[in-house]
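The structure file upload-v5.cif is reproduced below (mmCIF, C-alpha atoms).
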data_final
loop_
_atom_site.group_PDB
_atom_site.id
_atom_site.type_symbol
_atom_site.label_atom_id
_atom_site.label_comp_id
_atom_site.auth_asym_id
_atom_site.auth_seq_id
_atom_site.Cartn_x
_atom_site.Cartn_y
_atom_site.Cartn_z
ATOM 1 C CA MET V 236 0.000 0.000 0.000
ATOM 2 C CA LYS V 237 2.846 2.320 0.929
ATOM 3 C CA SER V 238 4.703 1.649 -2.337
ATOM 4 C CA PHE V 239 1.496 2.278 -4.321
ATOM 5 C CA LYS V 240 1.130 5.690 -2.652
ATOM 6 C CA THR V 241 4.761 6.515 -3.395
ATOM 7 C CA GLU V 242 4.359 5.621 -7.073
ATOM 8 C CA THR V 243 1.137 7.616 -7.251
ATOM 9 C CA SER V 244 2.749 10.671 -5.678
ATOM 10 C CA ASN V 245 5.768 10.422 -8.019
ATOM 11 C CA GLN V 246 3.675 10.050 -11.173
ATOM 12 C CA PRO V 247 2.856 13.799 -11.601
ATOM 13 C CA GLN V 248 6.561 14.591 -11.191
ATOM 14 C CA ARG V 249 7.474 12.091 -13.920
ATOM 15 C CA GLU V 250 4.790 13.501 -16.231
ATOM 16 C CA ASN V 251 6.007 17.032 -15.541
ATOM 17 C CA GLY V 252 9.577 15.982 -16.297
ATOM 18 C CA LEU V 253 8.516 14.345 -19.560
ATOM 19 C CA LEU V 254 6.555 17.477 -20.531
ATOM 20 C CA GLN V 255 9.548 19.741 -19.857
ATOM 21 C CA SER V 256 11.932 17.482 -21.772
ATOM 22 C CA SER V 257 9.588 17.451 -24.777
ATOM 23 C CA LEU V 258 9.203 21.234 -24.676
ATOM 24 C CA LYS V 259 12.943 21.963 -24.624
ATOM 25 C CA PRO V 260 13.646 20.981 -28.269
ATOM 26 C CA THR V 261 10.559 22.912 -29.408
ATOM 27 C CA LEU V 262 11.626 26.073 -27.561
ATOM 28 C CA ALA V 263 15.172 25.703 -28.870
ATOM 29 C CA ARG V 264 13.872 25.421 -32.452
ATOM 30 C CA ARG V 265 11.706 28.512 -31.985
ATOM 31 C CA ARG V 266 14.612 30.495 -30.574
ATOM 32 C CA SER V 267 16.794 29.349 -33.457
ATOM 33 C CA LEU V 268 14.118 30.362 -35.988
ATOM 34 C CA LEU V 269 13.713 33.799 -34.385
ATOM 35 C CA LYS V 270 17.479 34.260 -34.475
ATOM 36 C CA ASP V 271 17.554 33.302 -38.152
ATOM 37 C CA VAL V 272 14.713 35.688 -39.000
ATOM 38 C CA ALA V 273 16.472 38.507 -37.111
ATOM 39 C CA GLU V 274 19.637 37.756 -39.082
ATOM 40 C CA LEU V 275 17.721 37.604 -42.353
ATOM 41 C CA ILE V 276 16.081 41.007 -41.897
ATOM 42 C CA LYS V 277 19.373 42.477 -40.613
ATOM 43 C CA PHE V 278 17.702 43.419 -37.343
ATOM 44 C CA ARG V 279 20.254 45.978 -36.151
ATOM 45 C CA LEU V 280 20.364 47.753 -39.510
ATOM 46 C CA THR V 281 16.568 47.722 -39.743
ATOM 47 C CA LEU V 282 16.362 49.092 -36.197
ATOM 48 C CA LEU V 283 18.630 51.972 -37.249
ATOM 49 C CA VAL V 284 16.306 52.637 -40.201
ATOM 50 C CA LEU V 285 13.271 52.738 -37.899
ATOM 51 C CA THR V 286 15.024 54.986 -35.375
ATOM 52 C CA THR V 287 16.032 57.544 -37.999
ATOM 53 C CA THR V 288 12.566 57.363 -39.583
ATOM 54 C CA PHE V 289 10.968 58.118 -36.228
ATOM 55 C CA PHE V 290 13.442 60.940 -35.640
ATOM 56 C CA GLY V 291 12.542 62.560 -38.962
ATOM 57 C CA PHE V 292 8.856 62.335 -38.037
ATOM 58 C CA VAL V 293 9.532 63.898 -34.619
ATOM 59 C CA LEU V 294 11.401 66.869 -36.120
ATOM 60 C CA ALA V 295 8.576 67.458 -38.610
ATOM 61 C CA SER V 296 5.963 67.253 -35.831
ATOM 62 C CA GLY V 297 7.524 69.605 -33.319
ATOM 63 C CA SER V 298 5.394 69.847 -30.169
ATOM 64 C CA SER V 299 2.331 68.285 -31.851
ATOM 65 C CA LEU V 300 3.615 64.703 -31.980
ATOM 66 C CA ASP V 301 0.972 62.146 -33.030
ATOM 67 C CA ILE V 302 2.199 58.828 -31.578
ATOM 68 C CA GLY V 303 -0.381 56.797 -33.519
ATOM 69 C CA LYS V 304 0.693 58.303 -36.822
ATOM 70 C CA ALA V 305 4.342 57.836 -35.868
ATOM 71 C CA LEU V 306 3.693 54.160 -35.163
ATOM 72 C CA HIS V 307 2.108 53.731 -38.592
ATOM 73 C CA VAL V 308 5.091 55.217 -40.421
ATOM 74 C CA VAL V 309 7.497 53.077 -38.388
ATOM 75 C CA VAL V 310 5.530 49.883 -39.123
ATOM 76 C CA GLY V 311 5.224 50.605 -42.857
ATOM 77 C CA THR V 312 8.864 51.616 -43.208
ATOM 78 C CA GLY V 313 9.911 48.599 -41.155
ATOM 79 C CA LEU V 314 8.129 46.230 -43.536
ATOM 80 C CA VAL V 315 9.829 47.778 -46.577
ATOM 81 C CA ALA V 316 13.264 47.951 -44.883
ATOM 82 C CA ALA V 317 13.105 44.347 -43.651
ATOM 83 C CA SER V 318 12.011 43.200 -47.112
ATOM 84 C CA ALA V 319 14.940 45.041 -48.705
ATOM 85 C CA ALA V 320 17.349 43.367 -46.278
ATOM 86 C CA VAL V 321 15.942 39.921 -47.087
ATOM 87 C CA LEU V 322 16.146 40.472 -50.853
ATOM 88 C CA ASN V 323 19.735 41.657 -50.441
ATOM 89 C CA GLU V 324 20.622 38.442 -48.590
ATOM 90 C CA VAL V 325 18.860 36.325 -51.208
ATOM 91 C CA LEU V 326 20.870 37.942 -54.011
ATOM 92 C CA GLU V 327 24.155 37.737 -52.088
ATOM 93 C CA SER V 328 23.719 34.248 -50.665
ATOM 94 C CA ARG V 329 26.489 32.782 -52.821
ATOM 95 C CA GLN V 330 28.926 35.552 -51.900
ATOM 96 C CA ASP V 331 27.964 35.324 -48.227
ATOM 97 C CA SER V 332 28.930 31.643 -48.209
ATOM 98 C CA LYS V 333 32.527 32.644 -49.018
ATOM 99 C CA MET V 334 32.891 35.134 -46.159
ATOM 100 C CA SER V 335 33.766 34.134 -42.608
ATOM 101 C CA ARG V 336 31.524 36.874 -41.234
ATOM 102 C CA THR V 337 28.427 35.810 -43.168
ATOM 103 C CA LYS V 338 28.775 32.123 -44.076
ATOM 104 C CA ASP V 339 26.596 31.080 -41.123
ATOM 105 C CA ARG V 340 23.697 33.309 -42.150
ATOM 106 C CA PRO V 341 20.446 31.343 -42.594
ATOM 107 C CA LEU V 342 20.486 31.316 -46.421
ATOM 108 C CA PRO V 343 24.104 30.307 -47.151
ATOM 109 C CA ALA V 344 23.866 27.804 -44.279
ATOM 110 C CA HIS V 345 20.627 26.433 -45.873
ATOM 111 C CA ARG V 346 18.566 26.760 -42.687
ATOM 112 C CA LEU V 347 15.977 28.798 -44.584
ATOM 113 C CA ASP V 348 14.802 28.515 -48.172
ATOM 114 C CA ALA V 349 15.870 31.340 -50.502
ATOM 115 C CA ILE V 350 12.768 31.186 -52.733
ATOM 116 C CA GLU V 351 10.412 31.315 -49.761
ATOM 117 C CA ALA V 352 12.419 34.200 -48.303
ATOM 118 C CA ALA V 353 12.257 36.115 -51.604
ATOM 119 C CA ILE V 354 8.494 35.623 -52.006
ATOM 120 C CA THR V 355 7.868 36.683 -48.411
ATOM 121 C CA ALA V 356 10.064 39.771 -48.880
ATOM 122 C CA ILE V 357 8.255 40.837 -52.072
ATOM 123 C CA ILE V 358 4.889 40.478 -50.334
ATOM 124 C CA GLY V 359 6.242 42.376 -47.308
ATOM 125 C CA ALA V 360 7.492 45.220 -49.498
ATOM 126 C CA ILE V 361 4.119 45.547 -51.277
ATOM 127 C CA VAL V 362 2.230 45.478 -47.972
ATOM 128 C CA GLY V 363 4.626 48.047 -46.474
ATOM 129 C CA PHE V 364 4.219 50.382 -49.457
ATOM 130 C CA LEU V 365 0.421 50.157 -49.364
ATOM 131 C CA TYR V 366 0.410 50.527 -45.575
ATOM 132 C CA LEU V 367 2.443 53.740 -45.784
ATOM 133 C CA TRP V 368 0.287 55.073 -48.602
ATOM 134 C CA ASN V 369 -2.886 54.366 -46.632
ATOM 135 C CA PHE V 370 -1.821 55.507 -43.151
ATOM 136 C CA SER V 371 0.715 58.216 -44.089
ATOM 137 C CA ASN V 372 0.824 59.551 -47.646
ATOM 138 C CA LEU V 373 2.028 58.708 -51.141
ATOM 139 C CA MET V 374 5.245 60.702 -50.731
ATOM 140 C CA ALA V 375 6.390 58.664 -47.721
ATOM 141 C CA ALA V 376 5.416 55.400 -49.448
ATOM 142 C CA SER V 377 7.220 56.388 -52.660
ATOM 143 C CA LEU V 378 10.405 57.301 -50.791
ATOM 144 C CA ALA V 379 10.346 53.959 -48.986
ATOM 145 C CA LEU V 380 9.945 52.158 -52.308
ATOM 146 C CA LEU V 381 12.751 54.249 -53.824
ATOM 147 C CA SER V 382 15.020 53.276 -50.943
ATOM 148 C CA LEU V 383 14.309 49.586 -51.578
ATOM 149 C CA ILE V 384 14.893 49.899 -55.336
ATOM 150 C CA VAL V 385 18.217 51.697 -54.848
ATOM 151 C CA TYR V 386 19.380 49.220 -52.191
ATOM 152 C CA VAL V 387 18.328 46.001 -53.906
ATOM 153 C CA GLY V 388 18.338 46.977 -57.575
ATOM 154 C CA ILE V 389 21.454 49.163 -57.778
ATOM 155 C CA TYR V 390 23.637 48.897 -54.667
ATOM 156 C CA THR V 391 23.524 45.086 -54.337
ATOM 157 C CA PRO V 392 24.682 44.192 -57.889
ATOM 158 C CA LEU V 393 27.080 47.164 -57.969
ATOM 159 C CA LYS V 394 29.086 45.674 -55.098
ATOM 160 C CA GLN V 395 30.500 43.152 -57.575
ATOM 161 C CA ILE V 396 31.240 45.802 -60.217
ATOM 162 C CA SER V 397 32.451 49.098 -58.750
ATOM 163 C CA PRO V 398 33.671 50.693 -55.485
ATOM 164 C CA TRP V 399 31.038 53.382 -56.078
ATOM 165 C CA ASN V 400 28.596 50.921 -54.490
ATOM 166 C CA THR V 401 29.119 52.499 -51.046
ATOM 167 C CA TRP V 402 27.978 55.880 -52.340
ATOM 168 C CA ILE V 403 24.830 54.363 -53.838
ATOM 169 C CA GLY V 404 24.105 52.375 -50.685
ATOM 170 C CA ALA V 405 24.459 55.554 -48.644
ATOM 171 C CA ILE V 406 21.713 57.201 -50.726
ATOM 172 C CA SER V 407 19.321 54.425 -49.758
ATOM 173 C CA GLY V 408 20.420 54.601 -46.127
ATOM 174 C CA ALA V 409 19.944 58.373 -45.980
ATOM 175 C CA LEU V 410 16.270 58.251 -47.023
ATOM 176 C CA PRO V 411 14.594 56.894 -43.820
ATOM 177 C CA PRO V 412 14.575 60.198 -41.865
ATOM 178 C CA VAL V 413 13.201 61.886 -44.986
ATOM 179 C CA ILE V 414 10.460 59.230 -45.091
ATOM 180 C CA GLY V 415 9.614 60.047 -41.487
ATOM 181 C CA TYR V 416 9.563 63.771 -42.251
ATOM 182 C CA ALA V 417 7.437 63.252 -45.383
ATOM 183 C CA ALA V 418 4.872 61.256 -43.403
ATOM 184 C CA GLN V 419 4.113 64.429 -41.444
ATOM 185 C CA GLU V 420 5.021 67.085 -44.029
ATOM 186 C CA ALA V 421 4.572 65.881 -47.621
ATOM 187 C CA ASN V 422 6.707 68.757 -48.962
ATOM 188 C CA ILE V 423 10.303 67.516 -48.623
ATOM 189 C CA LEU V 424 11.861 70.473 -50.478
ATOM 190 C CA HIS V 425 12.700 72.050 -47.164
ATOM 191 C CA VAL V 426 15.876 72.671 -45.165
ATOM 192 C CA THR V 427 15.155 70.051 -42.483
ATOM 193 C CA PRO V 428 14.730 66.929 -44.687
ATOM 194 C CA ILE V 429 17.704 67.975 -46.811
ATOM 195 C CA PHE V 430 19.751 68.413 -43.627
ATOM 196 C CA LEU V 431 18.691 64.965 -42.355
ATOM 197 C CA PHE V 432 19.565 63.354 -45.681
ATOM 198 C CA CYS V 433 23.024 64.955 -45.691
ATOM 199 C CA ILE V 434 23.736 63.917 -42.093
ATOM 200 C CA LEU V 435 22.879 60.273 -42.775
ATOM 201 C CA PHE V 436 24.668 60.217 -46.133
ATOM 202 C CA PHE V 437 27.913 61.755 -44.853
ATOM 203 C CA TRP V 438 27.856 59.646 -41.664
ATOM 204 C CA GLN V 439 27.459 56.355 -43.519
ATOM 205 C CA MET V 440 30.601 56.791 -45.618
ATOM 206 C CA PRO V 441 33.236 56.612 -42.830
ATOM 207 C CA HIS V 442 31.044 54.127 -40.940
ATOM 208 C CA PHE V 443 30.908 51.616 -43.796
ATOM 209 C CA TYR V 444 34.477 52.356 -44.861
ATOM 210 C CA ALA V 445 35.578 51.311 -41.370
ATOM 211 C CA ILE V 446 33.583 48.076 -41.679
ATOM 212 C CA ALA V 447 35.085 47.458 -45.132
ATOM 213 C CA TRP V 448 38.586 47.863 -43.712
ATOM 214 C CA ILE V 449 37.903 45.461 -40.837
ATOM 215 C CA TYR V 450 36.541 42.783 -43.196
ATOM 216 C CA ARG V 451 38.644 43.597 -46.266
ATOM 217 C CA SER V 452 39.924 40.021 -46.691
ATOM 218 C CA ASP V 453 36.356 38.683 -46.552
ATOM 219 C CA TYR V 454 35.158 41.152 -49.178
ATOM 220 C CA LYS V 455 38.080 40.200 -51.413
ATOM 221 C CA LYS V 456 37.253 36.476 -51.120
ATOM 222 C CA ALA V 457 33.617 37.168 -52.017
ATOM 223 C CA GLY V 458 34.581 39.252 -55.045
ATOM 224 C CA PHE V 459 33.090 42.520 -53.779
ATOM 225 C CA LYS V 460 34.696 45.598 -55.331
ATOM 226 C CA MET V 461 34.965 47.630 -52.149
ATOM 227 C CA LEU V 462 37.260 50.651 -52.244
ATOM 228 C CA VAL V 463 39.720 49.082 -49.807
ATOM 229 C CA VAL V 464 39.904 45.968 -52.036
ATOM 230 C CA VAL V 465 40.435 47.917 -55.274
ATOM 231 C CA ASP V 466 42.992 50.229 -53.598
ATOM 232 C CA SER V 467 44.834 47.886 -51.248
ATOM 233 C CA SER V 468 46.964 50.722 -49.838
ATOM 234 C CA GLY V 469 43.820 52.111 -48.210
ATOM 235 C CA LYS V 470 44.838 55.686 -48.972
ATOM 236 C CA LYS V 471 41.757 56.513 -51.023
ATOM 237 C CA LEU V 472 39.476 55.087 -48.354
ATOM 238 C CA THR V 473 41.098 57.042 -45.529
ATOM 239 C CA LEU V 474 41.117 60.295 -47.507
ATOM 240 C CA GLN V 475 37.437 59.886 -48.352
ATOM 241 C CA SER V 476 36.700 59.118 -44.691
ATOM 242 C CA LEU V 477 38.380 62.394 -43.733
ATOM 243 C CA LEU V 478 36.439 64.269 -46.410
ATOM 244 C CA PHE V 479 33.062 62.908 -45.330
ATOM 245 C CA CYS V 480 33.763 63.469 -41.629
ATOM 246 C CA PHE V 481 34.564 67.099 -42.463
ATOM 247 C CA LEU V 482 31.421 67.471 -44.595
ATOM 248 C CA LEU V 483 29.407 65.856 -41.815
ATOM 249 C CA MET V 484 30.741 68.335 -39.279
ATOM 250 C CA MET V 485 29.879 71.263 -41.568
ATOM 251 C CA ALA V 486 26.387 69.906 -42.332
ATOM 252 C CA SER V 487 25.685 69.302 -38.642
ATOM 253 C CA LEU V 488 26.015 73.057 -37.978
ATOM 254 C CA LEU V 489 23.091 73.916 -40.282
ATOM 255 C CA PRO V 490 20.360 73.913 -37.568
ATOM 256 C CA TYR V 491 22.245 76.613 -35.667
ATOM 257 C CA PHE V 492 22.601 78.884 -38.696
ATOM 258 C CA THR V 493 18.934 78.375 -39.657
ATOM 259 C CA HIS V 494 17.937 79.283 -36.059
ATOM 260 C CA GLN V 495 16.480 75.837 -35.353
ATOM 261 C CA ALA V 496 18.957 75.125 -32.548
ATOM 262 C CA GLY V 497 20.965 77.256 -30.133
ATOM 263 C CA LEU V 498 24.531 77.629 -28.858
ATOM 264 C CA LEU V 499 24.460 74.379 -26.875
ATOM 265 C CA TYR V 500 23.833 72.502 -30.098
ATOM 266 C CA LEU V 501 26.512 74.463 -31.964
ATOM 267 C CA TRP V 502 29.301 73.643 -29.504
ATOM 268 C CA GLY V 503 28.080 70.105 -28.918
ATOM 269 C CA SER V 504 27.905 69.249 -32.628
ATOM 270 C CA LEU V 505 31.335 70.815 -33.190
ATOM 271 C CA LEU V 506 32.830 68.698 -30.411
ATOM 272 C CA LEU V 507 31.265 65.490 -31.731
ATOM 273 C CA GLY V 508 32.329 66.333 -35.285
ATOM 274 C CA MET V 509 35.923 67.041 -34.238
ATOM 275 C CA LEU V 510 36.195 63.755 -32.339
ATOM 276 C CA PHE V 511 34.792 61.836 -35.291
ATOM 277 C CA PHE V 512 37.171 63.642 -37.655
ATOM 278 C CA LEU V 513 40.149 62.847 -35.403
ATOM 279 C CA SER V 514 39.264 59.142 -35.444
ATOM 280 C CA ALA V 515 39.254 59.282 -39.273
ATOM 281 C CA LEU V 516 42.598 61.106 -39.177
ATOM 282 C CA PHE V 517 44.016 58.378 -36.940
ATOM 283 C CA LEU V 518 42.996 55.769 -39.533
ATOM 284 C CA HIS V 519 44.589 57.848 -42.289
ATOM 285 C CA LEU V 520 47.878 58.050 -40.386
ATOM 286 C CA LYS V 521 48.007 54.464 -39.100
ATOM 287 C CA ARG V 522 46.018 52.467 -41.663
ATOM 288 C CA ASN V 523 45.663 49.428 -39.451
ATOM 289 C CA LEU V 524 42.918 47.308 -37.923
ATOM 290 C CA THR V 525 43.013 49.072 -34.550
ATOM 291 C CA ALA V 526 42.454 52.459 -36.177
ATOM 292 C CA ALA V 527 39.621 51.076 -38.327
ATOM 293 C CA ARG V 528 37.898 49.714 -35.237
ATOM 294 C CA LEU V 529 38.293 53.067 -33.499
ATOM 295 C CA LEU V 530 36.617 54.811 -36.442
ATOM 296 C CA PHE V 531 33.831 52.232 -36.422
ATOM 297 C CA PHE V 532 33.088 52.719 -32.711
ATOM 298 C CA ALA V 533 33.330 56.501 -33.106
ATOM 299 C CA SER V 534 30.686 56.304 -35.840
ATOM 300 C CA ILE V 535 28.453 54.151 -33.627
ATOM 301 C CA ALA V 536 28.677 56.751 -30.848
ATOM 302 C CA TYR V 537 28.382 59.842 -33.051
ATOM 303 C CA LEU V 538 24.924 59.446 -34.564
ATOM 304 C CA PRO V 539 22.832 58.787 -31.426
ATOM 305 C CA LEU V 540 24.716 61.509 -29.546
ATOM 306 C CA LEU V 541 24.130 64.067 -32.313
ATOM 307 C CA PHE V 542 20.453 63.164 -32.645
ATOM 308 C CA THR V 543 19.951 63.317 -28.883
ATOM 309 C CA LEU V 544 21.587 66.740 -28.779
ATOM 310 C CA LEU V 545 19.449 67.920 -31.698
ATOM 311 C CA ALA V 546 16.253 66.614 -30.076
ATOM 312 C CA ILE V 547 17.075 68.536 -26.870
ATOM 313 C CA CYS V 548 17.928 71.779 -28.665
ATOM 314 C CA TRP V 549 15.430 71.672 -31.570
ATOM 315 C CA LYS V 550 13.176 74.700 -32.088
ATOM 316 C CA LYS V 551 10.080 74.093 -34.197
#
Written as structure tokens, that's how I'd like the structure from this file.
Amino acid sequence: MKSFKTETSNQPQRENGLLQSSLKPTLARRRSLLKDVAELIKFRLTLLVLTTTFFGFVLASGSSLDIGKALHVVVGTGLVAASAAVLNEVLESRQDSKMSRTKDRPLPAHRLDAIEAAITAIIGAIVGFLYLWNFSNLMAASLALLSLIVYVGIYTPLKQISPWNTWIGAISGALPPVIGYAAQEANILHVTPIFLFCILFFWQMPHFYAIAWIYRSDYKKAGFKMLVVVDSSGKKLTLQSLLFCFLLMMASLLPYFTHQAGLLYLWGSLLLGMLFFLSALFLHLKRNLTAARLLFFASIAYLPLLFTLLAICWKK
């Protein structure tokens, strides 16, 4: 009788243990799938797109910020941006398989199907465009579509043809804050959206040049015609990094001279611009991996700090 009671009392524990052991593989598969999807849509890059889109919307809104409308533009832009990232990975799957940095991505590693990914991305891009058109306006939707076309249709194939690919990619990457601005103010022929475009365009050049330097051997193996691969000395890359850091610093001063920000912004943006420029100068002088990493981390710090400063000092 005693042993029967013991077995009875232990039975729920055994069943619970069996349930947990059966759930573990399922949860692991789900986590792995989520990780693959995040990799496929280039989550961090897409998050940057959404952040700059939101920032453009905020600057256009001033004190009358409509959170619901902002959410709509972020969702629509996110769908288009994620779709562009997926299509880029579909087209570059073969090249990604040759690079140490990217060979374990879900498509070259054959964990996800390329055709299914492409179909899903095309549907996502169409839905995102229509969503933006419906909940924002045609201008915002058209700019989002333009960004996708430039990124997937021009930048992606150009990487195997010419080092000018970085310039073209930077055009696509500079459009998100303009999309956000256009969602609130359809007229983009204004100082603020032009300023936002210039900031993102100039910032991307030293940022992606630093990445290209760090992974130069990978890009060479994959056959990508990055500037640092075409000019192995790295001199052209470092000189262009200096040029764009200087242009970025000059462009960042525009809100002060158009009376949209005060002295705090002027001195703060100058300080950030000088530090960024000095990191590019260090790469020019040293031309080594350590200097490239310094420029990369300086670029990562620069943009959020500048945008935070601008948000604090902005006058609508």
Top pick for closest residue to Leu365 in chain V, considering V:Leu507, V:Leu314, V:Ile406, V:Leu381 and counting all atoms listed in the file = V:Leu314
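Each of V:Phe292, V:Phe481, V:Phe459, V:Phe443 was compared to Ile535 in chain V using all atoms listed in the file, and V:Phe443 turns out to be the nearest.
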For Phe492 in chain V, which of V:Phe430, V:Phe511, V:Phe364, V:Tyr450 is the closest residue, counting all atoms listed in the file?
->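 Among V:Phe430, V:Phe511, V:Phe364, V:Tyr450, it is V:Phe430 that comes nearest to Phe492 in chain V.
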Please, what is the axis-aligned box for every listed atom of range 345-352 of chain V with 3 Å on each side, as centre and edge lengths in Å to one decimal, as AutoDock Vina command-line options?
--center_x 15.5 --center_y 30.3 --center_z -47.7 --size_x 16.2 --size_y 13.8 --size_z 16.0
Across V:Leu524, V:Val362, V:Ala457, V:Ala533, the smallest distance to Ala317 in chain V, with all atoms listed in the file counted, is shown by V:Val362
The PyMOL selection byres ((chain V and resi 503) around 12) resolved against shown file, as a JSON list (two decimals) with C-alpha atoms, in the coordinates of the input:
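Done, and the output landed in expr-v7.json:
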[["chain", "number", "residue", "atom", "x", "y", "z"],
["V", 484, "MET", "CA", 30.74, 68.33, -39.28],
["V", 487, "SER", "CA", 25.68, 69.30, -38.64],
["V", 488, "LEU", "CA", 26.02, 73.06, -37.98],
["V", 491, "TYR", "CA", 22.24, 76.61, -35.67],
["V", 496, "ALA", "CA", 18.96, 75.12, -32.55],
["V", 497, "GLY", "CA", 20.96, 77.26, -30.13],
["V", 498, "LEU", "CA", 24.53, 77.63, -28.86],
["V", 499, "LEU", "CA", 24.46, 74.38, -26.88],
["V", 500, "TYR", "CA", 23.83, 72.50, -30.10],
["V", 501, "LEU", "CA", 26.51, 74.46, -31.96],
["V", 502, "TRP", "CA", 29.30, 73.64, -29.50],
["V", 504, "SER", "CA", 27.90, 69.25, -32.63],
["V", 505, "LEU", "CA", 31.34, 70.82, -33.19],
["V", 506, "LEU", "CA", 32.83, 68.70, -30.41],
["V", 507, "LEU", "CA", 31.26, 65.49, -31.73],
["V", 508, "GLY", "CA", 32.33, 66.33, -35.28],
["V", 509, "MET", "CA", 35.92, 67.04, -34.24],
["V", 510, "LEU", "CA", 36.20, 63.76, -32.34],
["V", 537, "TYR", "CA", 28.38, 59.84, -33.05],
["V", 540, "LEU", "CA", 24.72, 61.51, -29.55],
["V", 541, "LEU", "CA", 24.13, 64.07, -32.31],
["V", 542, "PHE", "CA", 20.45, 63.16, -32.65],
["V", 543, "THR", "CA", 19.95, 63.32, -28.88],
["V", 544, "LEU", "CA", 21.59, 66.74, -28.78],
["V", 545, "LEU", "CA", 19.45, 67.92, -31.70],
["V", 547, "ILE", "CA", 17.08, 68.54, -26.87],
["V", 548, "CYS", "CA", 17.93, 71.78, -28.66]]
Could you check which of V:Leu518, V:Ala409, V:Leu489, V:Ala295 is closest to Lys471 in chain V, using only C-alpha atoms?
->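 Among the listed residues, V:Leu518 lies closest to Lys471 in chain V.
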Name the residues that the PyMOL selection byres ((chain V and resi 403) around 9) picks from the file above, as a ChimeraX atom specification, using the file's chain letters and numbers.
-> /V:385-386,389-390,393,399-402,404-408
On this file, the PyMOL selection byres ((chain V and resi 440) around 9) gives some set of residues; write that set as an mmCIF file with C-alpha atoms, in the coordinates of the input.
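Final file, part_22.cif:
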data_model
loop_
_atom_site.group_PDB
_atom_site.id
_atom_site.type_symbol
_atom_site.label_atom_id
_atom_site.label_comp_id
_atom_site.auth_asym_id
_atom_site.auth_seq_id
_atom_site.Cartn_x
_atom_site.Cartn_y
_atom_site.Cartn_z
ATOM 1 C CA THR V 401 29.119 52.499 -51.046
ATOM 2 C CA TRP V 402 27.978 55.880 -52.340
ATOM 3 C CA ALA V 405 24.459 55.554 -48.644
ATOM 4 C CA LEU V 435 22.879 60.273 -42.775
ATOM 5 C CA PHE V 436 24.668 60.217 -46.133
ATOM 6 C CA PHE V 437 27.913 61.755 -44.853
ATOM 7 C CA TRP V 438 27.856 59.646 -41.664
ATOM 8 C CA GLN V 439 27.459 56.355 -43.519
ATOM 9 C CA PRO V 441 33.236 56.612 -42.830
ATOM 10 C CA HIS V 442 31.044 54.127 -40.940
ATOM 11 C CA PHE V 443 30.908 51.616 -43.796
ATOM 12 C CA TYR V 444 34.477 52.356 -44.861
ATOM 13 C CA ALA V 445 35.578 51.311 -41.370
ATOM 14 C CA GLN V 475 37.437 59.886 -48.352
ATOM 15 C CA SER V 476 36.700 59.118 -44.691
ATOM 16 C CA PHE V 479 33.062 62.908 -45.330
ATOM 17 C CA CYS V 480 33.763 63.469 -41.629
#
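Relative to CA of Ala526 in chain V, CA of Gln395 in chain V is found at 26.2 Å.
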Determine, using all atoms listed in the file, which residues of range 414-506 of chain V have any atom at most 9 Å from an atom of range 332-342 of chain V, and tabulate each with its shortest atom pair and distance in Å to one decimal place, rows ordered by chain and then rising number, as JSON lines.
{"residue": "V:Tyr450", "atom": "CA", "partner": "V:Arg336", "partner_atom": "CA", "distance": 8.0}
{"residue": "V:Ser452", "atom": "CA", "partner": "V:Met334", "partner_atom": "CA", "distance": 8.6}
{"residue": "V:Asp453", "atom": "CA", "partner": "V:Met334", "partner_atom": "CA", "distance": 5.0}
{"residue": "V:Tyr454", "atom": "CA", "partner": "V:Met334", "partner_atom": "CA", "distance": 7.1}
{"residue": "V:Lys455", "atom": "CA", "partner": "V:Met334", "partner_atom": "CA", "distance": 9.0}
{"residue": "V:Lys456", "atom": "CA", "partner": "V:Lys333", "partner_atom": "CA", "distance": 6.4}
{"residue": "V:Ala457", "atom": "CA", "partner": "V:Lys333", "partner_atom": "CA", "distance": 5.5}
Atomic separation - CA of Ile276 in chain V relative to CA of Leu378 in chain V, Å |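 Calculated distance between CA of Leu378 in chain V and CA of Ile276 in chain V is 19.4 Å.
In terms of minimum interatomic distance to Asn523 in chain V, V:Val463 ranks closest within V:Leu380, V:Leu478, V:Leu483, V:Val463, counting all atoms listed in the file.
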Asp271 in chain V environment, 12 Å, only C-alpha atoms, sequence neighbours closer than 6 positions dropped, as a PyMOL selection string | chain V and resi 264-265+277-278+321+339-348+352
